[in-house]
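A short worksheet on the structure shown next.
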Amino acid sequence: MAKNAMYSLTYGLFVLTAQKDGKHNGCIINTAGQVTTDPNQITIAVNKANYTHDLVMETKKFTVSIISQQASFELFKRFGFQTGREVDKFDGFDGWKEALNGTRYITEGTNAYISAWVTQAIDLGTHTLFIASVTDSQGLNDVPSTTYEYYLENIKPKPQAVGVTEEGKVIWRCRICGYEYEGDPIPDDFICPICKHPASDFERVEA
């Protein structure tokens with residue numbers, strides 16, 4: 001089986017937000033979509049390592065903000081490159097408003113939001129697939145949505161091709177967030193400490 005075929009699938013990018021007892025958090029996800037219109041239902045897939053996953057699992061409610069092509073890399077760094085278990089991701093960030101379900105939707109670098117109530121949670125191993133009924137939604141502007149390909153080509157800074165470190169160690173770079181692993185080969189069971197993607201999403205850096 002050729003794993004590179006999977007990279008031809010198209011993905012959007014979203015900020016998933018949830019809250020419990022006044023503690024708000026959010027993370028970047030790339031799997032969200034409408035599955036039925038009547039009733040109006042969506043699905044999201046969330047890595048179990050994310051703190052937002054736990055909040056959704058406990059409260060059964062969330063909001064997905066759809067990232068637009070006007071988003072800056074800072075939005076991805078804030079919600080994707082740090083954990084809500086250690087920091088308040090909303091600290092010093094004013095680009096949000098409160099949705100009707102008590103969660104926050106992102107107004108900076110997004111074009112719409114969808115709030116939903118979880119009706120089913122399916123265990124997928126590393127992830128949970130949440131099936132949810134839409135409770136509120138709103139378009140914010142007409143800026144096109146960001147695909148993962150657009151993010152890589154136009155938003156994510158282009159890293160320098162390092163190849164090897166000064167100590168001669170080979171560098172592997174995560175295709176998702178840019179985290180770099182030093183050593184060769186990269187272990188098959190390695191998990192990116194930033195975005196939680198597996199070793200198969202790392203590529204060897206060529207100088």
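Letters A, B, ... mark the chains of the structure tokens in the order given; residue numbers begin at 1 per chain; ligand numbers begin at 1, in order shown.
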Using only C-alpha atoms, what does the table of region 99-168 of chain A residues within 9 Å of region 3-10 of chain A look like, with each row giving the shortest atom pair and its distance in Å to one decimal, sorted by chain and ascending number, as a tab-separated table?
```
residue	atom	partner	partner_atom	distance
A:Thr147	CA	A:Thr10	CA	7.1
A:Tyr148	CA	A:Thr10	CA	7.2
A:Glu149	CA	A:Thr10	CA	7.9
```
- Message: Applying 12 Å and only C-alpha atoms, which residues near Ser68 (chain A) remain after dropping the ones on its own chain fewer than 3 positions away? List them as a count of residues only.
- Response: 32
- Pick from A:Cys174, A:Ile191, A:Gln70, A:Glu153: nearest to Ala49 (chain A), with only C-alpha atoms counted? A:Ile191
Pull the closest atom pair for each residue of region 122-207 of chain A that gets at most 10 Å from region 45-48 of chain A, along with the distance in Å to one decimal, counting only C-alpha atoms, ordering rows by chain and then ascending residue number, as a tab-separated table.
```
residue	atom	partner	partner_atom	distance
A:Ile122	CA	A:Ala45	CA	9.3
A:Asp123	CA	A:Lys48	CA	9.5
A:Leu124	CA	A:Ala45	CA	8.8
A:Gly125	CA	A:Lys48	CA	8.5
A:Thr126	CA	A:Asn47	CA	5.9
A:His127	CA	A:Asn47	CA	4.3
A:Thr128	CA	A:Val46	CA	5.5
A:Leu129	CA	A:Ala45	CA	4.4
A:Phe130	CA	A:Ala45	CA	6.3
A:Ile131	CA	A:Ala45	CA	9.0
A:Cys195	CA	A:Asn47	CA	9.0
A:Lys196	CA	A:Asn47	CA	7.4
A:His197	CA	A:Asn47	CA	8.8
```
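Within region 41-113 of chain A, DSSP applied to the backbone places the following residues in strand (DSSP E): A:Gln41, A:Ile42, A:Thr43, A:Ile44, A:Ala45, A:Val46, A:Asn47, A:Lys61, A:Phe62, A:Thr63, A:Val64, A:Ser65, A:Ile66, A:Ile67, A:Trp96, A:Lys97, A:Glu98, A:Arg104, A:Tyr105, A:Ile106, A:Thr110, A:Asn111, A:Ala112, A:Tyr113.
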Expected file contents, prior selection, C-alpha atoms, as a PDB file, in the first residue's frame:
```pdb
ATOM      1  CA  GLN A  41     -25.400  16.847  11.225  1.00  0.00           C
ATOM      2  CA  ILE A  42     -21.627  17.190  11.047  1.00  0.00           C
ATOM      3  CA  THR A  43     -18.702  15.013  12.032  1.00  0.00           C
ATOM      4  CA  ILE A  44     -15.311  15.937  13.444  1.00  0.00           C
ATOM      5  CA  ALA A  45     -12.326  13.713  14.165  1.00  0.00           C
ATOM      6  CA  VAL A  46     -10.153  14.791  17.102  1.00  0.00           C
ATOM      7  CA  ASN A  47      -6.891  13.379  18.403  1.00  0.00           C
ATOM      8  CA  LYS A  61     -20.842  20.556  22.825  1.00  0.00           C
ATOM      9  CA  PHE A  62     -18.382  22.408  20.618  1.00  0.00           C
ATOM     10  CA  THR A  63     -17.956  25.022  17.920  1.00  0.00           C
ATOM     11  CA  VAL A  64     -15.962  24.676  14.708  1.00  0.00           C
ATOM     12  CA  SER A  65     -14.609  27.904  13.197  1.00  0.00           C
ATOM     13  CA  ILE A  66     -13.693  27.533   9.533  1.00  0.00           C
ATOM     14  CA  ILE A  67     -10.278  29.032   8.814  1.00  0.00           C
ATOM     15  CA  TRP A  96     -13.417  35.696  19.319  1.00  0.00           C
ATOM     16  CA  LYS A  97     -17.059  35.992  20.320  1.00  0.00           C
ATOM     17  CA  GLU A  98     -19.281  33.745  22.396  1.00  0.00           C
ATOM     18  CA  ARG A 104     -16.226  30.643  21.678  1.00  0.00           C
ATOM     19  CA  TYR A 105     -16.000  31.049  17.935  1.00  0.00           C
ATOM     20  CA  ILE A 106     -13.014  32.628  16.249  1.00  0.00           C
ATOM     21  CA  THR A 110     -12.160  32.659   9.761  1.00  0.00           C
ATOM     22  CA  ASN A 111     -15.200  32.876   7.485  1.00  0.00           C
ATOM     23  CA  ALA A 112     -17.915  30.951   9.368  1.00  0.00           C
ATOM     24  CA  TYR A 113     -18.652  28.949  12.485  1.00  0.00           C
TER      25      TYR A 113
END
```
- Rounded to one decimal place, report the CA of Val87 (chain A)-CA of Phe190 (chain A) distance in Å. 24.2 Å
Could you give me, as a Markdown table, a per-residue list for region 46-68 of chain A showing, wherever an atom lies at most 9 Å from an atom of region 22-26 of chain A, the closest pair of atoms and their distance in Å to one decimal, using only C-alpha atoms and sorting by chain then residue number from low to high?
```
| residue | atom | partner | partner_atom | distance |
| --- | --- | --- | --- | --- |
| A:Tyr51 | CA | A:Asn25 | CA | 7.7 |
| A:Thr52 | CA | A:Gly26 | CA | 5.8 |
| A:Leu55 | CA | A:Asn25 | CA | 8.3 |
```
Selection to disk with N, CA and C atoms, as an mmCIF file, in the first residue's frame:
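File produced: out-v1.cif:
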```
data_model
loop_
_atom_site.group_PDB
_atom_site.id
_atom_site.type_symbol
_atom_site.label_atom_id
_atom_site.label_comp_id
_atom_site.auth_asym_id
_atom_site.auth_seq_id
_atom_site.Cartn_x
_atom_site.Cartn_y
_atom_site.Cartn_z
ATOM 1 N N TYR A 51 -6.324 18.433 24.542
ATOM 2 C CA TYR A 51 -7.138 18.794 25.694
ATOM 3 C C TYR A 51 -8.567 19.124 25.274
ATOM 4 N N THR A 52 -8.723 19.739 24.098
ATOM 5 C CA THR A 52 -10.055 20.073 23.605
ATOM 6 C C THR A 52 -10.887 18.813 23.401
ATOM 7 N N LEU A 55 -12.584 18.037 26.607
ATOM 8 C CA LEU A 55 -13.681 18.957 26.902
ATOM 9 C C LEU A 55 -14.925 18.600 26.091
#
```
- Message: Between A:Asn50, A:Thr83, A:Thr135, A:Gln69, which residue has the minimum interatomic distance to Ala99 (chain A), considering only C-alpha atoms?
- Response: A:Thr135
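For the choices A:Asp184, A:Phe202, A:Val134, A:Gly84, the atom-to-atom distance to Gly33 (chain A) is smallest for A:Val134 when using only C-alpha atoms.
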- Out of region 48-194 of chain A, which residues get alpha helix (DSSP H) from DSSP, as a list of chain:residue names? A:Tyr51, A:Thr52, A:His53, A:Asp54, A:Leu55, A:Val56, A:Met57, A:Glu58, A:Thr59, A:Phe73, A:Glu74, A:Leu75, A:Phe76, A:Lys77, A:Arg78, A:Phe79, A:Gly80, A:Tyr148, A:Glu149, A:Tyr150
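Interatomic distance, CA of Gln19 (chain A) against CA of Trp117 (chain A): 12.9 Å.
Here CA of Arg173 (chain A) is placed at a distance of 8.5 Å from CA of Asp201 (chain A).
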